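Undergrad: Got protein17.pdb for you, PDB, C-alpha atoms and all ligand atoms:
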```pdb
ATOM      1  CA  MET A  74     180.830  -8.786 -18.575
ATOM      2  CA  ASN A  75     180.632  -9.844 -14.937
ATOM      3  CA  LEU A  76     179.516  -7.179 -12.496
ATOM      4  CA  LEU A  77     179.932  -6.525  -8.770
ATOM      5  CA  ALA A  78     178.019  -3.505  -7.457
ATOM      6  CA  ARG A  79     177.592  -1.883  -4.072
ATOM      7  CA  SER A  80     173.865  -1.465  -4.269
ATOM      8  CA  ASP A  81     170.564  -2.083  -2.529
ATOM      9  CA  ALA A  82     168.766  -5.118  -3.963
ATOM     10  CA  LEU A  83     165.874  -2.770  -4.606
ATOM     11  CA  ASP A  84     167.945  -1.119  -7.338
ATOM     12  CA  LEU A  85     168.867  -4.353  -9.089
ATOM     13  CA  LEU A  86     167.421  -3.130 -12.379
ATOM     14  CA  ASP A  87     169.947  -0.256 -12.404
ATOM     15  CA  HIS A  88     172.560  -2.946 -13.010
ATOM     16  CA  VAL A  89     170.788  -5.840 -14.713
ATOM     17  CA  PRO A  90     168.628  -5.451 -17.839
ATOM     18  CA  PRO A  91     165.011  -6.584 -17.422
ATOM     19  CA  HIS A  92     164.319 -10.244 -18.285
ATOM     20  CA  SER A  93     168.008 -11.054 -18.758
ATOM     21  CA  ALA A  94     168.924 -13.427 -15.910
ATOM     22  CA  GLN A  95     168.362 -17.168 -15.846
ATOM     23  CA  LEU A  96     168.973 -17.650 -12.130
ATOM     24  CA  ALA A  97     168.604 -15.398  -9.116
ATOM     25  CA  TYR A  98     169.833 -16.729  -5.777
ATOM     26  CA  LEU A  99     168.700 -14.662  -2.782
ATOM     27  CA  ASP A 100     170.268 -15.145   0.631
ATOM     28  CA  PRO A 101     169.031 -12.029   2.431
ATOM     29  CA  PRO A 102     169.161 -11.325   6.161
ATOM     30  CA  PHE A 103     167.034 -14.045   7.826
ATOM     31  CA  CYS A 104     165.233 -11.814  10.353
ATOM     32  CA  VAL A 105     167.451 -13.134  13.136
ATOM     33  CA  GLY A 106     167.304 -10.019  15.317
ATOM     34  CA  ALA A 107     171.087  -9.552  15.615
ATOM     35  CA  GLN A 108     174.051  -7.791  14.077
ATOM     36  CA  PHE A 109     176.675  -9.899  12.337
ATOM     37  CA  GLY A 110     180.379  -9.223  12.692
ATOM     38  CA  ALA A 111     183.077 -10.701  10.510
ATOM     39  CA  ARG A 112     185.413 -13.360  11.782
ATOM     40  CA  THR A 113     189.032 -12.318  11.773
ATOM     41  CA  ARG A 114     192.053 -14.493  12.210
ATOM     42  CA  GLY A 115     193.555 -12.142  14.822
ATOM     43  CA  SER A 116     190.514 -12.606  17.068
ATOM     44  CA  GLY A 117     190.737 -16.380  17.163
ATOM     45  CA  TRP A 118     188.284 -16.689  14.263
ATOM     46  CA  ARG A 119     185.464 -15.379  16.430
ATOM     47  CA  ALA A 120     182.871 -12.932  15.160
ATOM     48  CA  GLN A 121     184.614  -9.918  16.663
ATOM     49  CA  GLY A 122     185.745  -8.311  13.437
ATOM     50  CA  PRO A 123     184.125  -5.381  11.629
ATOM     51  CA  MET A 124     180.324  -5.251  11.411
ATOM     52  CA  ALA A 125     179.142  -6.997   8.258
ATOM     53  CA  TYR A 126     175.400  -6.372   8.389
ATOM     54  CA  ASP A 127     172.478  -5.613  10.638
ATOM     55  CA  ASP A 128     169.635  -8.148  10.795
ATOM     56  CA  ARG A 129     167.427  -6.401  13.379
ATOM     57  CA  TRP A 130     163.864  -5.444  12.497
ATOM     58  CA  ALA A 131     161.018  -3.624  14.228
ATOM     59  CA  SER A 132     158.776  -6.647  13.584
ATOM     60  CA  LEU A 133     158.301  -9.574  11.228
ATOM     61  CA  ASP A 134     155.860  -7.441   9.236
ATOM     62  CA  ALA A 135     158.514  -4.745   8.853
ATOM     63  CA  TYR A 136     160.891  -7.394   7.536
ATOM     64  CA  LEU A 137     158.328  -8.708   5.032
ATOM     65  CA  ASP A 138     157.517  -5.162   3.884
ATOM     66  CA  TRP A 139     161.238  -4.717   3.204
ATOM     67  CA  LEU A 140     161.555  -8.055   1.399
ATOM     68  CA  ALA A 141     158.528  -7.777  -0.922
ATOM     69  CA  PRO A 142     159.715  -4.966  -3.244
ATOM     70  CA  ARG A 143     163.151  -6.600  -3.511
ATOM     71  CA  LEU A 144     161.554  -9.858  -4.620
ATOM     72  CA  ALA A 145     159.584  -7.877  -7.196
ATOM     73  CA  ALA A 146     162.812  -6.316  -8.547
ATOM     74  CA  VAL A 147     164.302  -9.795  -8.864
ATOM     75  CA  ARG A 148     161.194 -11.036 -10.658
ATOM     76  CA  GLU A 149     161.637  -8.228 -13.233
ATOM     77  CA  CYS A 150     165.223  -9.133 -14.021
ATOM     78  CA  LEU A 151     164.487 -12.828 -14.663
ATOM     79  CA  SER A 152     164.031 -14.172 -18.190
ATOM     80  CA  PRO A 153     161.128 -16.507 -19.078
ATOM     81  CA  GLU A 154     163.452 -19.498 -18.355
ATOM     82  CA  GLY A 155     164.478 -17.925 -15.068
ATOM     83  CA  THR A 156     164.249 -19.338 -11.557
ATOM     84  CA  MET A 157     164.435 -17.554  -8.221
ATOM     85  CA  TRP A 158     165.843 -19.376  -5.190
ATOM     86  CA  LEU A 159     165.027 -17.718  -1.862
ATOM     87  CA  HIS A 160     167.122 -18.987   1.068
ATOM     88  CA  LEU A 161     165.770 -18.399   4.604
ATOM     89  CA  ASP A 162     165.139 -20.324   7.813
ATOM     90  CA  HIS A 163     162.269 -21.036  10.199
ATOM     91  CA  ARG A 164     162.187 -17.433  11.407
ATOM     92  CA  ALA A 165     160.541 -16.043   8.259
ATOM     93  CA  ILE A 166     160.244 -18.752   5.602
ATOM     94  CA  HIS A 167     156.516 -19.430   6.023
ATOM     95  CA  GLU A 168     155.471 -15.811   5.885
ATOM     96  CA  ALA A 169     157.970 -15.127   3.068
ATOM     97  CA  LYS A 170     156.389 -17.913   1.033
ATOM     98  CA  LEU A 171     153.117 -15.995   1.019
ATOM     99  CA  VAL A 172     154.996 -12.922  -0.214
ATOM    100  CA  CYS A 173     156.615 -15.026  -2.980
ATOM    101  CA  ASP A 174     153.176 -16.372  -3.924
ATOM    102  CA  ARG A 175     151.975 -12.795  -4.370
ATOM    103  CA  VAL A 176     155.009 -11.662  -6.377
ATOM    104  CA  PHE A 177     155.507 -14.743  -8.594
ATOM    105  CA  GLY A 178     152.110 -16.457  -8.440
ATOM    106  CA  ARG A 179     151.388 -19.443  -6.241
ATOM    107  CA  ARG A 180     151.422 -21.865  -9.170
ATOM    108  CA  MET A 181     154.918 -20.738 -10.166
ATOM    109  CA  GLN A 182     156.479 -22.433  -7.149
ATOM    110  CA  LEU A 183     158.715 -25.227  -8.431
ATOM    111  CA  GLY A 184     159.411 -26.759  -5.053
ATOM    112  CA  GLU A 185     161.613 -26.319  -2.035
ATOM    113  CA  VAL A 186     164.905 -27.656  -0.787
ATOM    114  CA  VAL A 187     165.675 -28.392   2.828
ATOM    115  CA  TRP A 188     169.361 -27.802   3.474
ATOM    116  CA  THR A 189     171.027 -29.090   6.618
ATOM    117  CA  PRO A 190     174.186 -27.080   7.353
ATOM    118  CA  GLY A 191     175.326 -29.836   9.711
ATOM    119  CA  ASN A 192     176.306 -27.575  12.593
ATOM    120  CA  GLY A 193     174.585 -29.661  15.238
ATOM    121  CA  ALA A 194     171.492 -28.965  17.338
ATOM    122  CA  ARG A 195     171.209 -25.985  19.675
ATOM    123  CA  GLY A 196     168.456 -24.305  21.667
ATOM    124  CA  ALA A 197     166.107 -27.282  21.982
ATOM    125  CA  ARG A 198     164.496 -26.247  25.268
ATOM    126  CA  ARG A 199     160.950 -25.690  23.985
ATOM    127  CA  GLY A 200     160.770 -28.041  21.013
ATOM    128  CA  PRO A 201     162.985 -29.743  18.454
ATOM    129  CA  ALA A 202     166.172 -27.882  17.645
ATOM    130  CA  VAL A 203     166.135 -26.436  14.153
ATOM    131  CA  THR A 204     168.914 -28.016  12.117
ATOM    132  CA  HIS A 205     167.780 -27.024   8.621
ATOM    133  CA  GLN A 206     167.253 -24.023   6.393
ATOM    134  CA  THR A 207     164.801 -23.820   3.508
ATOM    135  CA  LEU A 208     165.138 -22.656  -0.075
ATOM    136  CA  LEU A 209     162.004 -21.831  -2.081
ATOM    137  CA  LEU A 210     162.147 -22.074  -5.870
ATOM    138  CA  TYR A 211     159.877 -20.003  -8.114
ATOM    139  CA  ALA A 212     159.770 -19.879 -11.901
ATOM    140  CA  ALA A 213     159.522 -16.551 -13.672
ATOM    141  CA  GLY A 214     157.875 -18.069 -16.750
ATOM    142  CA  ARG A 215     156.658 -21.315 -18.259
ATOM    143  CA  ASP A 216     159.984 -22.826 -19.184
ATOM    144  CA  PRO A 217     162.408 -22.772 -16.254
ATOM    145  CA  VAL A 218     165.824 -24.362 -16.774
ATOM    146  CA  TRP A 219     166.313 -27.548 -14.742
ATOM    147  CA  ASN A 220     169.403 -29.572 -15.614
ATOM    148  CA  ALA A 221     168.253 -32.859 -14.106
ATOM    149  CA  ARG A 222     171.088 -34.831 -15.741
ATOM    150  CA  ASP A 223     173.878 -32.675 -14.302
ATOM    151  CA  ARG A 224     176.208 -34.679 -12.028
ATOM    152  CA  ALA A 225     175.627 -32.184  -9.228
ATOM    153  CA  LEU A 226     171.987 -33.320  -9.115
ATOM    154  CA  ARG A 227     172.742 -37.056  -9.041
ATOM    155  CA  GLU A 228     173.761 -39.427  -6.268
ATOM    156  CA  PRO A 229     174.855 -43.076  -6.302
ATOM    157  CA  PHE A 230     172.193 -45.777  -6.163
ATOM    158  CA  ALA A 231     171.991 -47.585  -2.821
ATOM    159  CA  ASP A 232     174.351 -50.562  -2.516
ATOM    160  CA  THR A 233     171.416 -52.949  -2.074
ATOM    161  CA  SER A 234     169.751 -51.613  -5.198
ATOM    162  CA  LEU A 235     172.982 -51.983  -7.176
ATOM    163  CA  ALA A 236     173.420 -55.564  -5.984
ATOM    164  CA  MET A 237     169.791 -56.584  -6.551
ATOM    165  CA  HIS A 238     168.864 -54.816  -9.776
ATOM    166  CA  PHE A 239     171.903 -53.688 -11.756
ATOM    167  CA  THR A 240     172.892 -57.153 -12.859
ATOM    168  CA  GLN A 241     173.283 -56.639 -16.618
ATOM    169  CA  VAL A 242     176.376 -55.323 -18.416
ATOM    170  CA  ASP A 243     176.358 -53.719 -21.873
ATOM    171  CA  ALA A 244     178.957 -54.098 -24.638
ATOM    172  CA  ARG A 245     181.013 -51.249 -23.184
ATOM    173  CA  GLY A 246     181.097 -52.815 -19.734
ATOM    174  CA  ARG A 247     178.515 -50.507 -18.095
ATOM    175  CA  ARG A 248     176.219 -52.038 -15.495
ATOM    176  CA  TYR A 249     172.530 -51.412 -15.992
ATOM    177  CA  ARG A 250     169.019 -52.560 -15.203
ATOM    178  CA  SER A 251     166.023 -52.738 -17.527
ATOM    179  CA  ARG A 252     162.497 -51.840 -16.505
ATOM    180  CA  SER A 253     159.315 -52.228 -18.518
ATOM    181  CA  ILE A 254     156.746 -49.545 -17.930
ATOM    182  CA  ALA A 255     153.473 -49.374 -19.915
ATOM    183  CA  GLY A 256     154.831 -51.639 -22.647
ATOM    184  CA  ARG A 257     158.132 -49.782 -23.110
ATOM    185  CA  THR A 258     161.505 -50.917 -21.818
ATOM    186  CA  TYR A 259     163.867 -48.403 -20.217
ATOM    187  CA  ARG A 260     167.527 -48.899 -19.385
ATOM    188  CA  TYR A 261     169.062 -47.322 -16.281
ATOM    189  CA  TYR A 262     172.846 -47.202 -15.920
ATOM    190  CA  ALA A 263     174.457 -47.629 -12.518
ATOM    191  CA  ASP A 264     177.082 -44.955 -13.199
ATOM    192  CA  ASP A 265     174.405 -42.345 -14.034
ATOM    193  CA  GLY A 266     173.241 -42.524 -10.422
ATOM    194  CA  ARG A 267     169.787 -41.428  -9.341
ATOM    195  CA  ALA A 268     168.308 -37.961  -8.970
ATOM    196  CA  ILE A 269     168.895 -36.324  -5.608
ATOM    197  CA  GLY A 270     165.781 -35.323  -3.745
ATOM    198  CA  SER A 271     164.805 -32.158  -1.914
ATOM    199  CA  VAL A 272     166.737 -32.754   1.316
ATOM    200  CA  TRP A 273     170.380 -31.818   0.933
ATOM    201  CA  THR A 274     172.675 -33.050   3.681
ATOM    202  CA  ASP A 275     175.955 -33.204   1.777
ATOM    203  CA  CYS A 276     177.011 -29.522   1.648
ATOM    204  CA  PRO A 277     178.344 -28.838   5.155
ATOM    205  CA  ALA A 278     178.383 -25.183   6.183
ATOM    206  CA  MET A 279     181.627 -25.783   8.027
ATOM    207  CA  THR A 280     183.604 -25.736   4.783
ATOM    208  CA  ALA A 281     182.723 -22.046   4.442
ATOM    209  CA  ASN A 282     183.212 -21.208   8.093
ATOM    210  CA  THR A 283     186.454 -22.697   9.295
ATOM    211  CA  PRO A 284     189.849 -21.102   8.755
ATOM    212  CA  LEU A 285     191.096 -24.598   7.923
ATOM    213  CA  ARG A 286     189.383 -24.423   4.531
ATOM    214  CA  ARG A 287     190.545 -22.257   1.665
ATOM    215  CA  GLU A 288     187.047 -21.107   0.732
ATOM    216  CA  ALA A 289     186.326 -19.512   4.129
ATOM    217  CA  THR A 290     186.591 -15.699   4.019
ATOM    218  CA  GLY A 291     185.517 -14.869   7.584
ATOM    219  CA  TYR A 292     182.349 -13.196   6.275
ATOM    220  CA  PRO A 293     179.458 -14.215   8.551
ATOM    221  CA  THR A 294     176.777 -16.524   7.168
ATOM    222  CA  GLN A 295     178.953 -17.391   4.171
ATOM    223  CA  LYS A 296     177.400 -20.331   2.312
ATOM    224  CA  PRO A 297     179.464 -23.311   1.083
ATOM    225  CA  LEU A 298     180.614 -23.329  -2.535
ATOM    226  CA  LYS A 299     179.272 -26.850  -2.996
ATOM    227  CA  LEU A 300     175.729 -25.657  -2.261
ATOM    228  CA  LEU A 301     175.964 -22.790  -4.741
ATOM    229  CA  ASP A 302     177.675 -24.957  -7.346
ATOM    230  CA  ARG A 303     174.669 -27.287  -7.265
ATOM    231  CA  ILE A 304     172.141 -24.448  -7.487
ATOM    232  CA  VAL A 305     173.982 -22.771 -10.370
ATOM    233  CA  ARG A 306     174.306 -26.043 -12.288
ATOM    234  CA  ALA A 307     170.646 -26.924 -11.648
ATOM    235  CA  SER A 308     169.024 -23.708 -12.823
ATOM    236  CA  SER A 309     171.260 -22.157 -15.474
ATOM    237  CA  ALA A 310     172.947 -23.034 -18.745
ATOM    238  CA  GLU A 311     176.544 -22.288 -19.664
ATOM    239  CA  GLY A 312     176.969 -18.633 -20.611
ATOM    240  CA  ALA A 313     173.724 -17.603 -18.864
ATOM    241  CA  LEU A 314     173.501 -14.689 -16.442
ATOM    242  CA  VAL A 315     173.311 -15.517 -12.715
ATOM    243  CA  VAL A 316     172.248 -12.797 -10.283
ATOM    244  CA  ASP A 317     172.810 -12.533  -6.532
ATOM    245  CA  PRO A 318     171.526  -9.251  -5.051
ATOM    246  CA  PHE A 319     172.627 -10.150  -1.467
ATOM    247  CA  CYS A 320     176.002 -11.532  -2.486
ATOM    248  CA  GLY A 321     177.808 -11.205   0.893
ATOM    249  CA  SER A 322     181.222 -12.807   0.463
ATOM    250  CA  GLY A 323     180.548 -13.567  -3.218
ATOM    251  CA  THR A 324     179.970 -17.323  -3.008
ATOM    252  CA  THR A 325     177.430 -17.387  -5.858
ATOM    253  CA  LEU A 326     179.682 -15.287  -8.069
ATOM    254  CA  VAL A 327     182.679 -17.571  -7.577
ATOM    255  CA  ALA A 328     180.517 -20.673  -8.145
ATOM    256  CA  ALA A 329     178.970 -19.187 -11.308
ATOM    257  CA  ALA A 330     182.310 -18.158 -12.819
ATOM    258  CA  ALA A 331     183.799 -21.589 -12.107
ATOM    259  CA  VAL A 332     181.230 -23.268 -14.363
ATOM    260  CA  GLY A 333     181.164 -20.734 -17.198
ATOM    261  CA  ARG A 334     178.194 -18.566 -16.223
ATOM    262  CA  ARG A 335     178.193 -14.760 -16.221
ATOM    263  CA  PHE A 336     177.225 -13.000 -12.991
ATOM    264  CA  ALA A 337     175.857  -9.790 -11.547
ATOM    265  CA  GLY A 338     176.334  -9.615  -7.791
ATOM    266  CA  SER A 339     175.445  -6.782  -5.479
ATOM    267  CA  ASP A 340     175.299  -6.047  -1.788
ATOM    268  CA  VAL A 341     174.614  -2.951   0.240
ATOM    269  CA  GLY A 342     177.518  -3.603   2.618
ATOM    270  CA  GLU A 343     181.035  -2.262   2.239
ATOM    271  CA  LEU A 344     182.659  -5.320   3.823
ATOM    272  CA  ALA A 345     180.640  -7.617   1.541
ATOM    273  CA  ILE A 346     181.869  -5.838  -1.571
ATOM    274  CA  GLU A 347     185.465  -5.768  -0.327
ATOM    275  CA  THR A 348     185.297  -9.475   0.517
ATOM    276  CA  SER A 349     183.663 -10.451  -2.795
ATOM    277  CA  ALA A 350     186.111  -8.372  -4.813
ATOM    278  CA  ALA A 351     189.146  -9.847  -3.057
ATOM    279  CA  ARG A 352     187.775 -13.353  -3.457
ATOM    280  CA  LEU A 353     187.053 -12.966  -7.178
ATOM    281  CA  GLU A 354     190.491 -11.445  -7.753
ATOM    282  CA  ALA A 355     192.135 -14.341  -5.920
ATOM    283  CA  GLU A 356     190.267 -16.721  -8.226
ATOM    284  CA  GLY A 357     191.427 -14.772 -11.298
ATOM    285  CA  VAL A 358     187.848 -13.843 -12.273
ATOM    286  CA  ARG A 359     187.422 -10.632 -14.271
ATOM    287  CA  PHE A 360     184.587  -8.278 -13.333
ATOM    288  CA  GLU A 361     183.481  -4.660 -13.381
ATOM    289  CA  LEU A 362     183.219  -3.015  -9.956
ATOM    290  CA  ARG A 363     180.565  -0.309  -9.343
ATOM    291  CA  LEU A 364     180.846   1.475  -6.027
ATOM    292  CA  CYS A 365     178.716   4.567  -6.386
ATOM    293  CA  SER A 366     175.171   3.302  -6.108
ATOM    294  CA  PRO A 367     172.663   5.934  -4.955
ATOM    295  CA  ALA A 368     171.331   3.258  -2.591
ATOM    296  CA  CYS A 369     174.494   3.422  -0.527
ATOM    297  CA  GLN A 370     174.496   7.177  -0.101
ATOM    298  CA  PRO A 371     172.835   8.977   2.811
ATOM    299  CA  PRO A 372     169.039   9.277   2.379
ATOM    300  CA  ALA A 373     169.080  13.029   1.571
ATOM    301  CA  LYS A 374     171.681  12.614  -1.155
ATOM    302  CA  ARG A 375     169.958   9.517  -2.420
ATOM    303  CA  ALA A 376     166.658  11.393  -2.864
ATOM    304  CA  SER A 377     168.325  14.157  -4.867
ATOM    305  CA  THR A 378     170.267  11.654  -6.988
ATOM    306  CA  ARG A 379     167.061   9.838  -7.805
ATOM    307  CA  SER A 380     165.144  12.932  -8.804
ATOM    308  CA  SER A 381     167.922  14.278 -11.033
TER
HETATM  309  C1  LIG B   1     173.096 -13.924   4.590
HETATM  310  S1  LIG B   1     174.184 -12.691   3.984
HETATM  311  C2  LIG B   1     174.644 -13.324   2.393
HETATM  312  C3  LIG B   1     175.757 -14.334   2.476
HETATM  313  C4  LIG B   1     176.225 -14.834   1.130
HETATM  314  N1  LIG B   1     175.260 -15.702   0.495
HETATM  315  C5  LIG B   1     177.555 -15.557   1.234
HETATM  316  O1  LIG B   1     177.669 -16.741   0.873
HETATM  317  O2  LIG B   1     178.517 -14.944   1.711
HETATM  318  C6  LIG B   1     173.041 -11.398   3.622
HETATM  319  C7  LIG B   1     173.638 -10.215   2.915
HETATM  320  O3  LIG B   1     172.593  -9.296   2.568
HETATM  321  C8  LIG B   1     173.171  -7.993   2.566
HETATM  322  N2  LIG B   1     172.088  -6.994   2.582
HETATM  323  C9  LIG B   1     171.337  -6.573   3.630
HETATM  324  N3  LIG B   1     170.421  -5.669   3.215
HETATM  325  C10 LIG B   1     170.607  -5.526   1.881
HETATM  326  C11 LIG B   1     169.965  -4.748   0.865
HETATM  327  N4  LIG B   1     168.944  -3.924   1.166
HETATM  328  N5  LIG B   1     170.402  -4.851  -0.413
HETATM  329  C12 LIG B   1     171.461  -5.665  -0.724
HETATM  330  N6  LIG B   1     172.118  -6.411   0.193
HETATM  331  C13 LIG B   1     171.683  -6.343   1.472
HETATM  332  C14 LIG B   1     174.075  -7.990   3.774
HETATM  333  O4  LIG B   1     175.049  -6.973   3.670
HETATM  334  C15 LIG B   1     174.638  -9.402   3.719
HETATM  335  O5  LIG B   1     175.887  -9.426   3.061
END
```
Could the structure of this file be written out as structure tokens, please?
TA:
Amino acid sequence: MNLLARSDALDLLDHVPPHSAQLAYLDPPFCVGAQFGARTRGSGWRAQGPMAYDDRWASLDAYLDWLAPRLAAVRECLSPEGTMWLHLDHRAIHEAKLVCDRVFGRRMQLGEVVWTPGNGARGARRGPAVTHQTLLLYAAGRDPVWNARDRALREPFADTSLAMHFTQVDARGRRYRSRSIAGRTYRYYADDGRAIGSVWTDCPAMTANTPLRREATGYPTQKPLKLLDRIVRASSAEGALVVDPFCGSGTTLVAAAAVGRRFAGSDVGELAIETSAARLEAEGVRFELRLCSPACQPPAKRASTRSS
């Protein structure tokens, strides 16, 4: 059963059995030092709507101290084939990598993806403007899922390469090239395309942030469905459980359901849960909604709930 819970990421294991998830995508606050309001149509699609979440911290260390136990909870819920994707930007990614190394083990890092939202360059007064965000991938065990042949992880060969090398045609009319490597001959088909690399420029953030597009909810920092579709397809099999403990507007959950994965999404924010729930309902996705997490109650009540 799919699940949407109003819950602190710290309490993920209250909702997800240990070692059960194949993919965890984490898009937490980035340590920006600001509060984020929702965009509403009545306000000209500016961020003047209700407060979505607070991304202000006493210091970078305070932020990392907050992040570390939540990464550890995610690590516990991943199966041996599981992968964690942590999405941040220049403000905390380097220090967060060291935290990930501690929680997952340095050798468990599978790589990183540089994603360019395509919003243009701003604030370049003291150095190059930052036009990318970074996603770190860590394996939970020895056998992480990586669906290299999925179409979402392929791109067309360059025109010059097609013209120069893909000159043969098989009995079914498919263009291919042959290459001999260490005494063996391999055949590469033009319509299979080539593997995409680690710099992703083809998932514009604008699709999630303009009222002109159906997928935009007005939730701040909403990520594009195309980005999450690729991540879900890359690191999970059909029927597997996908977890997003900072689900915001529910992008991961919608992307997972669309390709036959189960999901468990949670967020501490009321607006996030409302937005995710409305979005999933609009897509006709069935899910269980849990609203009464101890994490979302006032601290005094939370302490007594925990000790009971
Ligand atoms: C960058 S946004 C996620 C956006 C989301 N990926 C999307 O596409 O809409 C970060 C989210 O983390 C949530 N958050 C902040 N602190 C949290 C916590 N302790 N536990 C769970 N969620 C939290 C915020 O409410 C916010 O929705």
Undergrad: For Tyr292 (chain A), which of A:Leu99, A:Met124, A:Val315, A:Ala331 is the closest residue, counting all atoms listed in the file?
TA: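 Among A:Leu99, A:Met124, A:Val315, A:Ala331, it is A:Met124 that comes nearest to Tyr292 (chain A).
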Undergrad: Please give me, as a compact mmCIF listing (two decimals) with C-alpha atoms, in the frame of the given file, the residues lying within 7 Å of ligand LIG 1 (chain B) when counting only C-alpha atoms and all ligand atoms.
TA:
```
# COMPACT_ATOMS: atom_id res chain seq x y z
CA SER A 80 173.86 -1.46 -4.27
CA ASP A 81 170.56 -2.08 -2.53
CA ALA A 82 168.77 -5.12 -3.96
CA LEU A 83 165.87 -2.77 -4.61
CA ASP A 100 170.27 -15.14 0.63
CA PRO A 101 169.03 -12.03 2.43
CA PRO A 102 169.16 -11.32 6.16
CA PHE A 103 167.03 -14.04 7.83
CA ALA A 125 179.14 -7.00 8.26
CA TYR A 126 175.40 -6.37 8.39
CA TYR A 292 182.35 -13.20 6.28
CA PRO A 293 179.46 -14.22 8.55
CA THR A 294 176.78 -16.52 7.17
CA GLN A 295 178.95 -17.39 4.17
CA LYS A 296 177.40 -20.33 2.31
CA PRO A 297 179.46 -23.31 1.08
CA PRO A 318 171.53 -9.25 -5.05
CA PHE A 319 172.63 -10.15 -1.47
CA CYS A 320 176.00 -11.53 -2.49
CA GLY A 321 177.81 -11.20 0.89
CA SER A 322 181.22 -12.81 0.46
CA GLY A 323 180.55 -13.57 -3.22
CA THR A 324 179.97 -17.32 -3.01
CA THR A 325 177.43 -17.39 -5.86
CA SER A 339 175.44 -6.78 -5.48
CA ASP A 340 175.30 -6.05 -1.79
CA VAL A 341 174.61 -2.95 0.24
CA GLY A 342 177.52 -3.60 2.62
CA ALA A 345 180.64 -7.62 1.54
```
Undergrad: Suppose a student applies the PyMOL selection byres (((chain A and resi 177) around 12) and not hetatm) to this structure; what residues should they get, written as a PyMOL selection string?
TA: chain A and resi 141-142+144-149+151+155-158+169-176+178-183+209-215
Undergrad: Of the candidates A:Ala165, A:Ala202, A:Leu314, A:Ala94, which shows the shortest atom-to-atom distance to Leu326 (chain A), using all atoms listed in the file?
TA: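 Smallest distance to Leu326 (chain A) is found for A:Leu314.
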Undergrad: Residue by residue, what does the PyMOL selection byres (((chain A and resi 316) around 6) and not hetatm) grab here? Present the result as an mmCIF file with C-alpha atoms, keeping the file's coordinate frame.
TA:
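Saved result, selection_22.cif, follows:
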```cif
data_model
loop_
_atom_site.group_PDB
_atom_site.id
_atom_site.type_symbol
_atom_site.label_atom_id
_atom_site.label_comp_id
_atom_site.auth_asym_id
_atom_site.auth_seq_id
_atom_site.Cartn_x
_atom_site.Cartn_y
_atom_site.Cartn_z
ATOM 1 C CA ALA A 97 168.604 -15.398 -9.116
ATOM 2 C CA VAL A 315 173.311 -15.517 -12.715
ATOM 3 C CA ASP A 317 172.810 -12.533 -6.532
ATOM 4 C CA PHE A 336 177.225 -13.000 -12.991
ATOM 5 C CA ALA A 337 175.857 -9.790 -11.547
ATOM 6 C CA GLY A 338 176.334 -9.615 -7.791
#
```
Undergrad: Considering all atoms listed in the file, can you say which of A:Leu77, A:Val203, A:Ile269, A:Glu168 comes closest to Val358 (chain A)?
TA: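 Selected residue with least distance to Val358 (chain A): A:Leu77.
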Undergrad: CA of Arg227 (chain A) to CA of Leu300 (chain A): how many Å, to one decimal?
TA: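 About the pair CA of Arg227 (chain A) and CA of Leu300 (chain A): they are 13.6 Å apart.
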Undergrad: What does the PyMOL selection byres (((chain A and resi 350) around 9) and not hetatm) select in this file, as an MDAnalysis selection string?
TA: chainID A and resid 77 322:323 345:349 351:355 360 362
Undergrad: Would you please work out which residue, of A:Gly106, A:Gly246, A:Gly266, A:Pro229, is nearest to Arg164 (chain A) when using only C-alpha atoms?
TA: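 Answer, going by the shortest atom-to-atom distance: A:Gly106.
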Undergrad: Can you tell me, as number ranges by chain, what residues are no more than 12 Å from Val105 (chain A) when counting only C-alpha atoms, ignoring any on the same chain fewer than 6 positions away?
TA: A: 126-133, 136, 161-166, 294
Undergrad: What's around Asp265 (chain A) at 12 Å? Count only C-alpha atoms, leave out sequence neighbours fewer than 2 positions away in its own chain, and write the answer as a tab-separated table (two decimals) with C-alpha atoms, in the frame of the given file.
TA:
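Resulting contents of out03.tsv:
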```
chain	number	residue	atom	x	y	z
A	221	ALA	CA	168.25	-32.86	-14.11
A	222	ARG	CA	171.09	-34.83	-15.74
A	223	ASP	CA	173.88	-32.67	-14.30
A	224	ARG	CA	176.21	-34.68	-12.03
A	225	ALA	CA	175.63	-32.18	-9.23
A	226	LEU	CA	171.99	-33.32	-9.12
A	227	ARG	CA	172.74	-37.06	-9.04
A	228	GLU	CA	173.76	-39.43	-6.27
A	229	PRO	CA	174.86	-43.08	-6.30
A	230	PHE	CA	172.19	-45.78	-6.16
A	235	LEU	CA	172.98	-51.98	-7.18
A	239	PHE	CA	171.90	-53.69	-11.76
A	247	ARG	CA	178.52	-50.51	-18.10
A	248	ARG	CA	176.22	-52.04	-15.50
A	249	TYR	CA	172.53	-51.41	-15.99
A	250	ARG	CA	169.02	-52.56	-15.20
A	260	ARG	CA	167.53	-48.90	-19.39
A	261	TYR	CA	169.06	-47.32	-16.28
A	262	TYR	CA	172.85	-47.20	-15.92
A	263	ALA	CA	174.46	-47.63	-12.52
A	267	ARG	CA	169.79	-41.43	-9.34
A	268	ALA	CA	168.31	-37.96	-8.97
A	269	ILE	CA	168.90	-36.32	-5.61
```
Undergrad: What's the separation between CA of Arg286 (chain A) and CA of Leu208 (chain A), in Å to one decimal place?
TA: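 Computed distance, CA of Arg286 (chain A) to CA of Leu208 (chain A), equals 24.7 Å.
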Undergrad: Rounded to one decimal, what separation in Å do you get between CA of Leu76 (chain A) and CA of Gln95 (chain A)?
TA: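 It comes out at 15.3 Å.
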Undergrad: Using all atoms listed in the file, find the one residue out of A:Asn220, A:Thr274, A:Thr280, A:Ser152 that sits nearest to Ser93 (chain A).
TA: A:Ser152
